[in-house]
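Structure first, then comments.
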Amino acid sequence: MKQKQGFTLVEISIVIVIIGFLIAGLLIGQSMLRNSRVRAITAEVANYTLAISNFRDKYQALPGDFAGASSVWSGVSNGNGDGLITVNISNANLAEQFLAWQHLSKAEMIKGTFTGAAGSAGVRDRVPGDNVPASQLSNAGWGLISITLTDIAGGYVQIPYTAPDMAPNHVLWIGRGSVSGTSDSQKPVLSPHEANDIDTKSDDGLPGSGKIVAQANGTTGTCSNSATDYNLGVNTTVCALVFKTGF
């Protein structure tokens, strides 16, 4: 009896359809996972803000700025106790933004172990999972710094439209690590659509005002075109977001 050789067109078509379904399912699954991790950003902001509040209530100081830290935990450096976590324009006390996460971890108010020091690229180098917490969003991490009126007056441009909304305040910053070791900016990790969705659900939906603002990108046509307009015509990751903590 002559054996059948190869596949028929019908069989090949069925295989192609099955492969198509598998690829579609994979893409849908990846999209759902991405959406879940983007939504987790809001919960992370709430958790870190609560941790900072609990730390301040217990130790009467902000993490990182705590001048008595070394008397509570061994191998930990003290802050200077001036009420600020980092002073941006003056380049003073820059290590406090990294000590903050170490202090919070030592106090068992957040998970993770952190170096308490800048990364190898420079005094402002944030490295997710090493000296700052990693986000559930892939390759993203958190910054924590003070924004003062003096900083704004001195030309602090990394966060746009800030004077009426962000300063004076401490802010949490979500991004893919630092842009460089000498800048407070963080690399973009969200699309304008994702940033707009977070802002709209948790704040005023405007990139330049409220409790959530978009990082300055140096030019228009990236994350935001103006203080009132996320650039929804772009679908790539060009956004980092800054969250006012209330401290």
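Residues in the structure tokens are numbered from 1 in each chain, the chains being A, B, ... in the order shown, and ligands are numbered from 1 in the order shown.
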Margin query: For the strand (DSSP E) assignment from backbone DSSP, which residues of range 39-219 of chain A qualify? Please present them as number ranges by chain.
Written below: A: 141-147, 169-175, 212-214
Tell me which protein, DNA and RNA residues are within 9 Å of range 125-132 of chain A, counting only C-alpha atoms, leaving out same-chain ones fewer than 4 positions away, and put them as a JSON list (two decimals) with C-alpha atoms, in the first residue's frame.
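The result, written out as selection_39.json:
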[["chain", "number", "residue", "atom", "x", "y", "z"],
["A", 97, "GLN", "CA", 17.84, 59.62, 48.54],
["A", 98, "PHE", "CA", 19.57, 56.22, 48.66],
["A", 99, "LEU", "CA", 19.79, 56.08, 52.45],
["A", 100, "ALA", "CA", 16.01, 56.59, 52.52],
["A", 101, "TRP", "CA", 15.35, 53.17, 51.01],
["A", 102, "GLN", "CA", 17.99, 51.55, 53.21],
["A", 112, "GLY", "CA", 14.30, 44.47, 49.81],
["A", 113, "THR", "CA", 17.91, 45.21, 50.67],
["A", 114, "PHE", "CA", 19.50, 48.43, 49.44],
["A", 115, "THR", "CA", 23.07, 49.72, 49.36],
["A", 116, "GLY", "CA", 22.33, 53.22, 50.66],
["A", 117, "ALA", "CA", 24.72, 54.66, 48.08],
["A", 118, "ALA", "CA", 24.66, 55.95, 44.50],
["A", 119, "GLY", "CA", 25.37, 53.66, 41.58],
["A", 120, "SER", "CA", 28.70, 53.56, 39.75],
["A", 121, "ALA", "CA", 27.66, 56.17, 37.14],
["A", 139, "ASN", "CA", 13.02, 47.34, 34.27],
["A", 140, "ALA", "CA", 11.45, 50.18, 36.28],
["A", 141, "GLY", "CA", 12.39, 51.56, 39.69],
["A", 142, "TRP", "CA", 11.59, 54.30, 42.17],
["A", 143, "GLY", "CA", 13.30, 57.55, 43.11],
["A", 144, "LEU", "CA", 12.57, 59.62, 46.22],
["A", 176, "ARG", "CA", 13.88, 52.93, 34.19],
["A", 177, "GLY", "CA", 16.83, 53.98, 36.34],
["A", 178, "SER", "CA", 18.61, 57.29, 36.09],
["A", 179, "VAL", "CA", 19.25, 59.08, 32.80],
["A", 180, "SER", "CA", 22.81, 59.66, 33.98],
["A", 181, "GLY", "CA", 24.74, 59.73, 37.22],
["A", 182, "THR", "CA", 24.51, 63.51, 37.33],
["A", 183, "SER", "CA", 20.81, 64.08, 36.61],
["A", 184, "ASP", "CA", 17.68, 63.58, 38.71],
["A", 186, "GLN", "CA", 14.82, 58.92, 35.12]]
Checklist line | Contacts of Lys211 in chain A within 9 Å, only C-alpha atoms, excl. fewer than 3 positions in-chain, as number ranges by chain | finding: A: 165-166, 199, 202-204, 242-246
Checklist line | For Ala67 in chain A: contacts at 12 Å, only C-alpha atoms, fewer than 5 positions along chain excluded, given as a PyMOL selection string | finding: chain A and resi 59-62+72-73+76-85+96+99-100+103
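Between CA of Ala167 in chain A and CA of Thr200 in chain A the interatomic distance comes to 21.2 Å.
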Next item on the list: Please provide as a list in words all residues within 7 Å of Gln215 in chain A, with the sequence filter that same-chain residues fewer than 5 positions apart are discarded (counting only C-alpha atoms).
Entry: Gln158, Ile159, Pro160, Cys239, Ala240, Leu241 and Val242 of chain A
Notebook entry, point to check: Of the residues A:Ile174, A:Ile152, A:Val15, A:Met109, which is the one nearest to Ser90 in chain A, using only C-alpha atoms?
Noted result: A:Ile152
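Candidate residues A:Tyr48, A:Phe66, A:Tyr230, A:Phe55 were compared for distance to Val171 in chain A, and the nearest is A:Tyr48, using only C-alpha atoms.
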Item checked: Near-Ser138 in chain A list (10 Å; only C-alpha atoms; drop same-chain fewer than 4 positions) as a list in words -> Arg34, Arg37, Val38, Ala134, Arg176 and Val189 of chain A
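Take the candidates A:Asp151, A:His170, A:Thr86, A:Ser191 and check each one against Arg124 in chain A using only C-alpha atoms; the shortest distance goes to A:Thr86.
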Notebook entry, point to check: What is the distance between CA of Ala46 in chain A and CA of Thr150 in chain A, in Å to one decimal?
Noted result: 27.1 Å
Next item on the list: Could you check how far CA of Asn225 in chain A sits from CA of Leu206 in chain A, in Å to one decimal?
Entry: 10.8 Å
Next item on the list: Please provide as a list in words all residues within 9 Å of Asn88 in chain A, with the sequence filter that same-chain residues fewer than 6 positions apart are discarded (counting only C-alpha atoms).
Entry: Leu94, Ile145, Ser146, Ile147, Thr148, Asp151, Tyr156 and Asp184 of chain A
Notebook entry, point to check: So which bits of range 40-145 of chain A end up alpha helix (DSSP H) when you DSSP the backbone, as a PyMOL selection string?
Noted result: chain A and resi 40-59+69-72+96-106
Margin query: Please determine, counting only C-alpha atoms, which residue among A:Ile14, A:Leu149, A:Ala214, A:Ala51 has the shortest atom-to-atom distance to Leu104 in chain A.
Written below: A:Ala51
